[in-house]
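File shown: my_file.cif (mmCIF, C-alpha atoms).
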```
data_coords
#
loop_
_atom_site.label_atom_id
_atom_site.label_comp_id
_atom_site.auth_asym_id
_atom_site.auth_seq_id
_atom_site.Cartn_x
_atom_site.Cartn_y
_atom_site.Cartn_z
CA MET P 984 1.11 16.88 -27.77
CA ALA P 985 3.41 15.43 -25.07
CA SER P 986 5.71 17.82 -23.24
CA SER P 987 9.26 16.44 -23.40
CA GLU P 988 9.74 17.29 -19.69
CA ASN P 989 7.05 14.77 -18.82
CA VAL P 990 8.49 12.00 -20.98
CA ILE P 991 10.93 9.69 -19.23
CA GLN P 992 12.58 6.43 -20.21
CA VAL P 993 12.55 3.43 -17.89
CA ASP P 994 13.39 -0.20 -18.73
CA SER P 995 13.83 0.83 -22.37
CA GLN P 996 10.26 2.14 -22.43
CA LYS P 997 9.25 5.73 -22.98
CA ILE P 998 6.61 6.92 -20.54
CA ASP P 999 4.55 10.05 -21.01
CA LEU P 1000 3.55 11.11 -17.50
CA LYS P 1001 1.15 13.70 -19.02
CA ASN P 1002 -0.27 16.01 -16.33
CA ARG P 1003 1.60 14.66 -13.30
CA THR P 1004 -0.59 16.37 -10.70
CA LEU P 1005 -3.77 15.07 -12.25
CA ALA P 1006 -2.25 11.59 -12.53
CA ALA P 1007 -1.26 11.67 -8.85
CA PHE P 1008 -4.74 12.81 -7.83
CA LEU P 1009 -6.38 10.07 -9.91
CA ALA P 1010 -3.96 7.53 -8.42
CA TRP P 1011 -5.07 8.57 -4.95
CA LEU P 1012 -8.77 8.60 -5.87
CA LEU P 1013 -8.67 5.05 -7.27
CA PRO P 1014 -5.48 2.95 -7.18
CA GLY P 1015 -4.24 2.52 -10.74
CA ALA P 1016 -6.48 5.23 -12.24
CA GLY P 1017 -3.52 7.61 -12.64
CA HIS P 1018 -1.65 4.96 -14.61
CA TYR P 1019 -4.66 4.32 -16.83
CA TYR P 1020 -4.74 8.04 -17.57
CA GLN P 1021 -1.06 7.86 -18.55
CA GLY P 1022 -1.68 4.83 -20.76
CA ARG P 1023 0.20 2.46 -18.43
CA HIS P 1024 -2.63 -0.07 -18.42
CA THR P 1025 -0.75 -3.15 -17.20
CA LYS P 1026 0.58 -1.41 -14.12
CA GLY P 1027 -2.74 0.31 -13.55
CA SER P 1028 -4.53 -3.04 -13.52
CA LEU P 1029 -1.89 -4.57 -11.26
CA TYR P 1030 -2.21 -1.75 -8.74
CA LEU P 1031 -5.99 -1.81 -8.83
CA VAL P 1032 -6.18 -5.56 -8.24
CA CYS P 1033 -3.44 -5.78 -5.60
CA ILE P 1034 -4.38 -2.75 -3.52
CA MET P 1035 -8.15 -3.01 -3.69
CA THR P 1036 -8.05 -6.77 -3.00
CA THR P 1037 -5.91 -6.17 0.08
CA TRP P 1038 -8.14 -3.33 1.20
CA MET P 1039 -11.42 -5.21 0.69
CA LEU P 1040 -10.04 -8.38 2.25
CA GLY P 1041 -9.12 -6.38 5.34
CA PHE P 1042 -12.49 -4.69 5.35
CA ALA P 1043 -14.23 -8.08 5.24
CA LEU P 1044 -11.96 -9.63 7.89
CA GLY P 1045 -12.95 -6.87 10.31
CA GLY P 1046 -16.65 -7.31 9.60
CA GLY P 1047 -16.80 -3.94 7.84
CA HIS P 1048 -16.00 -2.05 11.06
CA VAL P 1049 -12.25 -1.47 10.67
CA VAL P 1050 -12.54 1.66 8.55
CA TYR P 1051 -14.09 4.62 10.34
CA ALA P 1052 -13.16 8.19 11.13
CA SER P 1053 -13.18 9.23 14.77
CA TRP P 1054 -11.06 11.58 16.86
CA GLN P 1055 -12.64 11.32 20.28
CA PRO P 1056 -10.87 10.74 23.61
CA GLY P 1057 -10.55 6.96 23.99
CA ASP P 1058 -11.09 6.40 20.28
CA ARG P 1059 -8.54 8.35 18.29
CA ARG P 1060 -8.65 6.36 15.08
CA TRP P 1061 -5.26 7.37 13.66
CA HIS P 1062 -5.37 4.24 11.50
CA TYR P 1063 -7.83 6.04 9.24
CA ILE P 1064 -5.12 8.48 8.12
CA LEU P 1065 -3.32 5.55 6.47
CA GLN P 1066 -6.51 3.79 5.36
CA ALA P 1067 -7.56 6.95 3.52
CA GLY P 1068 -4.55 6.42 1.23
CA VAL P 1069 -6.83 4.40 -1.06
CA GLY P 1070 -8.95 7.46 -1.77
CA ALA P 1071 -12.61 7.21 -2.71
CA ALA P 1072 -13.10 3.80 -1.09
CA ALA P 1073 -12.46 5.31 2.35
CA LEU P 1074 -14.37 8.56 1.90
CA PRO P 1075 -17.77 7.33 3.19
CA ALA P 1076 -16.12 7.06 6.60
CA LEU P 1077 -15.59 10.84 6.62
CA VAL P 1078 -19.29 11.45 5.98
CA GLN P 1079 -20.26 8.99 8.71
CA GLY P 1080 -17.71 10.51 11.07
CA ASN P 1081 -19.11 13.98 10.49
CA HIS P 1082 -22.65 12.67 11.05
CA MET P 1083 -21.55 11.11 14.34
CA ARG P 1084 -19.78 14.33 15.35
CA LYS P 1085 -23.04 16.25 14.93
CA MET P 1086 -24.89 13.62 16.98
CA THR P 1087 -22.45 13.71 19.90
CA ARG P 1088 -23.04 15.77 23.06
CA ASN P 1089 -20.44 15.88 25.83
CA GLY P 1090 -18.68 12.83 24.46
CA THR P 1091 -21.84 10.73 24.34
CA THR P 1092 -23.91 9.76 21.30
CA VAL P 1093 -27.39 11.31 21.57
CA ARG P 1094 -30.49 9.15 21.76
CA GLY P 1095 -32.13 8.52 18.43
CA TYR P 1096 -28.84 8.44 16.52
CA GLU P 1097 -29.12 6.34 13.39
CA PRO P 1098 -26.03 5.76 11.26
CA MET P 1099 -26.45 6.29 7.55
CA TRP P 1100 -26.28 3.52 4.95
CA GLY P 1101 -26.99 0.77 7.48
CA GLY P 1102 -23.90 1.64 9.51
CA PHE P 1103 -21.43 1.27 6.61
CA MET P 1104 -18.11 2.74 7.90
CA ALA P 1105 -19.88 4.33 10.85
CA PRO P 1106 -17.87 5.05 14.02
CA PRO P 1107 -18.80 3.20 17.21
CA GLN P 1108 -21.39 4.69 19.55
CA ARG P 1109 -19.83 6.94 22.17
CA PRO P 1110 -18.37 7.00 24.71
CA VAL P 1111 -15.59 4.56 23.85
CA ILE P 1112 -13.44 3.96 26.92
CA GLU P 1113 -10.41 1.75 26.95
CA ASP P 1114 -10.90 -1.53 28.89
CA HIS P 1115 -14.65 -0.92 29.09
CA THR P 1116 -17.46 -2.78 27.39
CA ASP P 1117 -18.50 -0.76 24.37
CA GLU P 1118 -19.08 -1.23 20.66
CA VAL P 1119 -15.37 -1.45 19.83
CA SER P 1120 -14.78 -4.20 22.39
CA ALA P 1121 -17.81 -6.02 20.95
CA TRP P 1122 -16.23 -5.87 17.48
CA TYR P 1123 -12.98 -7.25 18.87
CA ALA P 1124 -14.89 -10.05 20.61
CA THR P 1125 -16.87 -10.91 17.50
CA TYR P 1126 -14.14 -10.85 14.88
CA GLY P 1127 -11.13 -11.73 17.04
CA ALA P 1128 -7.82 -11.63 15.18
CA GLY P 1129 -9.74 -10.74 12.02
CA TYR P 1130 -10.46 -7.28 13.41
CA GLU P 1131 -6.78 -6.64 14.12
CA MET P 1132 -5.63 -8.11 10.81
CA GLY P 1133 -8.35 -6.26 8.94
CA THR P 1134 -7.10 -3.00 10.38
CA TRP P 1135 -3.56 -3.84 9.29
CA TYR P 1136 -4.61 -4.94 5.81
CA THR P 1137 -6.50 -1.73 5.15
CA MET P 1138 -3.64 0.38 6.53
CA ILE P 1139 -1.06 -1.43 4.40
CA ALA P 1140 -3.25 -1.01 1.31
CA GLY P 1141 -3.36 2.75 1.96
CA LEU P 1142 0.40 2.88 2.45
CA LEU P 1143 1.06 0.93 -0.74
CA ASN P 1144 -1.05 3.41 -2.66
CA ILE P 1145 1.28 6.21 -1.52
CA LEU P 1146 4.04 4.46 -3.49
CA VAL P 1147 1.64 4.21 -6.43
CA ILE P 1148 0.86 7.94 -6.24
CA TYR P 1149 4.60 8.66 -6.36
CA ASP P 1150 4.95 6.34 -9.36
CA ALA P 1151 2.15 8.17 -11.17
CA TYR P 1152 3.72 11.56 -10.42
CA SER P 1153 7.40 10.84 -11.06
CA GLY P 1154 7.68 7.44 -12.68
CA PRO P 1155 9.29 4.36 -11.11
CA LEU P 1156 11.57 4.83 -8.12
CA SER P 1157 15.29 4.29 -8.53
CA VAL P 1158 16.68 0.79 -8.11
CA PRO P 1159 17.83 0.02 -4.53
CA ILE P 1160 21.15 1.49 -3.48
CA SER P 1161 22.43 -1.95 -2.45
CA GLY P 1162 21.90 -3.17 -6.00
CA ARG P 1163 23.87 -0.27 -7.41
CA LYS P 1164 26.80 -0.91 -5.08
CA LYS P 1165 26.85 -4.55 -6.12
CA ASP P 1166 26.90 -3.60 -9.78
CA GLU P 1167 29.66 -1.06 -9.21
CA LYS P 1168 31.77 -3.75 -7.53
CA ASP P 1169 31.16 -6.08 -10.46
CA GLU P 1170 32.18 -3.39 -12.92
CA ALA P 1171 35.32 -2.57 -10.92
CA SER P 1172 36.38 -6.20 -10.90
CA GLY P 1173 35.50 -6.58 -14.56
CA GLU P 1174 32.92 -9.25 -13.76
CA SER P 1175 29.91 -7.46 -14.97
CA PRO P 1176 27.02 -9.94 -15.22
CA PRO P 1177 25.08 -10.10 -18.47
CA LYS P 1178 22.18 -7.67 -18.43
CA PRO P 1179 18.80 -9.02 -19.40
CA GLU P 1180 16.92 -7.03 -21.97
CA GLY P 1181 14.98 -4.24 -20.30
CA SER P 1182 16.84 -4.76 -17.04
CA SER P 1183 16.85 -2.32 -14.15
CA ARG P 1184 20.22 -0.92 -15.19
CA ASP P 1185 18.57 1.30 -17.74
CA ALA P 1186 15.94 2.21 -15.20
CA GLU P 1187 17.97 5.31 -14.40
CA GLN P 1188 15.47 7.98 -15.13
CA GLU P 1189 16.39 10.87 -17.23
CA PRO P 1190 13.96 13.18 -18.92
CA LEU P 1191 14.19 12.66 -22.65
CA ALA P 1192 14.61 16.41 -23.00
CA ASN P 1193 18.09 16.10 -21.42
CA GLN P 1194 19.03 13.22 -23.66
CA LEU P 1195 17.88 15.08 -26.74
CA GLY P 1196 19.83 18.11 -25.57
CA ASP P 1197 23.02 16.05 -25.25
CA SER P 1198 22.66 14.43 -28.63
CA SER P 1199 22.05 17.69 -30.39
CA GLN P 1200 25.38 19.15 -29.24
CA MET W 185 5.89 -24.33 20.89
CA ILE W 186 3.70 -21.95 18.86
CA SER W 187 0.83 -20.49 20.87
CA ILE W 188 -1.24 -19.51 17.83
CA SER W 189 -2.84 -21.67 15.20
CA PRO W 190 -0.63 -22.17 12.13
CA THR W 191 -3.64 -21.17 10.03
CA TYR W 192 -3.02 -17.61 11.23
CA LEU W 193 0.08 -17.70 9.04
CA MET W 194 -2.28 -17.71 6.06
CA TYR W 195 -2.84 -14.00 6.68
CA TYR W 196 0.70 -13.60 5.41
CA VAL W 197 0.05 -14.99 1.90
CA PRO W 198 -2.15 -12.27 0.33
CA LEU W 199 -0.06 -9.58 1.99
CA ILE W 200 3.28 -10.80 0.65
CA ILE W 201 1.86 -11.21 -2.86
CA SER W 202 0.35 -7.75 -2.86
CA ILE W 203 3.30 -5.97 -1.26
CA SER W 204 5.88 -7.68 -3.50
CA LEU W 205 4.02 -6.95 -6.72
CA VAL W 206 3.33 -3.31 -5.87
CA PHE W 207 6.89 -2.85 -4.62
CA GLY W 208 8.28 -4.30 -7.84
CA ALA W 209 5.91 -2.31 -10.03
CA THR W 210 6.91 0.98 -8.42
CA ARG W 211 10.51 0.35 -9.47
CA HIS W 212 10.14 -0.94 -13.01
CA GLU W 213 8.03 -0.57 -16.11
CA ASP W 214 8.76 -3.85 -17.86
CA THR W 215 6.37 -6.63 -16.76
CA GLN W 216 9.00 -9.37 -16.69
CA THR W 217 11.33 -7.21 -14.58
CA ILE W 218 8.45 -6.35 -12.24
CA LEU W 219 7.75 -10.05 -11.67
CA SER W 220 11.45 -10.81 -11.10
CA HIS W 221 11.73 -7.98 -8.61
CA ALA W 222 8.51 -9.09 -6.87
CA PHE W 223 9.81 -12.64 -6.53
CA TYR W 224 13.12 -11.35 -5.14
CA THR W 225 11.30 -9.10 -2.63
CA ALA W 226 8.97 -11.91 -1.50
CA ARG W 227 11.90 -14.25 -1.01
CA TRP W 228 13.88 -11.62 0.90
CA ILE W 229 11.01 -10.73 3.25
CA THR W 230 10.13 -14.39 3.83
CA THR W 231 13.72 -15.28 4.65
CA PHE W 232 14.06 -12.30 6.96
CA MET W 233 10.85 -13.19 8.81
CA ALA W 234 11.85 -16.85 9.02
CA ILE W 235 15.17 -15.88 10.62
CA ILE W 236 13.40 -13.66 13.16
CA PHE W 237 10.93 -16.49 13.82
CA VAL W 238 13.73 -18.98 14.51
CA ILE W 239 15.54 -16.50 16.78
CA LEU W 240 12.36 -15.93 18.82
CA LEU W 241 11.74 -19.68 18.94
CA VAL W 242 15.25 -20.32 20.28
CA ILE W 243 14.88 -17.54 22.87
CA ASN W 244 11.57 -19.11 23.90
CA TRP W 245 13.24 -22.49 24.39
CA MET W 246 16.06 -20.98 26.43
CA LEU W 247 13.72 -19.17 28.84
#
```
Would you encode the structure as structure tokens?
Amino acid sequence: MASSENVIQVDSQKIDLKNRTLAAFLAWLLPGAGHYYQGRHTKGSLYLVCIMTTWMLGFALGGGHVVYASWQPGDRRWHYILQAGVGAAALPALVQGNHMRKMTRNGTTVRGYEPMWGGFMAPPQRPVIEDHTDEVSAWYATYGAGYEMGTWYTMIAGLLNILVIYDAYSGPLSVPISGRKKDEKDEASGESPPKPEGSSRDAEQEPLANQLGDSSQ
Amino acid sequence: MISISPTYLMYYVPLIISISLVFGATRHEDTQTILSHAFYTARWITTFMAIIFVILLVINWML
């Protein structure tokens, strides 16, 4: 049975957010999965297609080398923090990163190192030194702008999924402040534009519990 | 003029579609409203970037 605290109304539609924490976790694990759990299938599909397409496109543009976990001098891959926003798809990089960490001595990859899974999401061989010829510079040379754009695509996909996680946890964000000001001006001047059915004006979220409480008084 | 190939601008297309749709969907629940919001966002971002592009182009000509 749905808890009334987790039921909100947006765009004239009642949404049962169910277990918000679980929904947020699922949304992180696989974009759109949290929405599927909540029964919001259309949005779940939209998120899955948009975010995973962007992420995989970026991954392909960079030749499969843009997503890896490394925190070594000369190769602090802070991009991975954002890329990991897509959840499970980026997790193999953590396993590869840990494998590389164990196979590194004094900042240099030991002889006989073999990346797992054919090098899928494996960090570059160490040391990686800026402006020196190493595996990272070879990737840049091979894939050119694709490597840079691939990094951006995967980072943006991860960032977009943070918005999706919020949506799964709390429901849609409020309409932009600028839109509200415009509407307030219209109302003050008595020139309120006609509202389309299901418009953003009724997107003001209010738990149904509050509404029920008001009506019962 | 432009020092990069115009084909590089194609990188922009999948990004703007994806960003606009996700941005719209995180603000609405109704599909039609999501699409309207996505279209508005895409138009706004494209216009903003076009203005910046023209400004940079003019600065480039002046230098």
> Quick one: which residues from chain W are at most 8 Å off chain P, using all atoms listed in the file, as a ChimeraX atom specification?
Replying inline: /W:195,198-199,202-203,205-207,209-215,217
Each side padded by 8 Å, which centre and which edge lengths in Å (one decimal) define the axis-aligned box around the listed atoms of region 238-244 of chain W? Give them as lines of an AutoDock Vina configuration file.
```
center_x = 13.6
center_y = -18.1
center_z = 19.2
size_x = 20.0
size_y = 20.4
size_z = 25.4
```
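Running the PyMOL selection byres ((chain W and resi 225) around 10) on this file leaves Ile200, Ile201, Ile203, Ser204, Leu205, Phe207, Gly208, Leu219, Ser220, His221, Ala222, Phe223, Tyr224, Ala226, Arg227, Trp228, Ile229, Thr230 and Thr231 of chain W selected.
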Include C-alpha atoms and write out the residues we just selected as a compact mmCIF listing (two decimals), in the frame of the given file.
```
# COMPACT_ATOMS: atom_id res chain seq x y z
CA ILE W 200 3.28 -10.80 0.65
CA ILE W 201 1.86 -11.21 -2.86
CA ILE W 203 3.30 -5.97 -1.26
CA SER W 204 5.88 -7.68 -3.50
CA LEU W 205 4.02 -6.95 -6.72
CA PHE W 207 6.89 -2.85 -4.62
CA GLY W 208 8.28 -4.30 -7.84
CA LEU W 219 7.75 -10.05 -11.67
CA SER W 220 11.45 -10.81 -11.10
CA HIS W 221 11.73 -7.98 -8.61
CA ALA W 222 8.51 -9.09 -6.87
CA PHE W 223 9.81 -12.64 -6.53
CA TYR W 224 13.12 -11.35 -5.14
CA ALA W 226 8.97 -11.91 -1.50
CA ARG W 227 11.90 -14.25 -1.01
CA TRP W 228 13.88 -11.62 0.90
CA ILE W 229 11.01 -10.73 3.25
CA THR W 230 10.13 -14.39 3.83
CA THR W 231 13.72 -15.28 4.65
```
Using all atoms listed in the file, which residues of region 1069-1134 of chain P come within 7 Å of region 1055-1065 of chain P, and what is the closest atom pair for each, with the distance in Å to one decimal? Give it as a tab-separated table, sorted by chain and residue number.
```
residue	atom	partner	partner_atom	distance
P:Val1111	CA	P:Gly1057	CA	5.6
P:Ile1112	CA	P:Gly1057	CA	5.1
P:Glu1113	CA	P:Gly1057	CA	6.0
```
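CA of Met1104 (chain P) sits 5.7 Å away from CA of Val1050 (chain P).
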> Neighbours of Asn1081 (chain P) within 12 Å (all atoms listed in the file; same-chain residues fewer than 5 positions away dropped), as a count of residues only?
Replying inline: 14
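Atom to atom, CA of Gly1045 (chain P) and CA of Leu240 (chain W) stand 28.2 Å apart.
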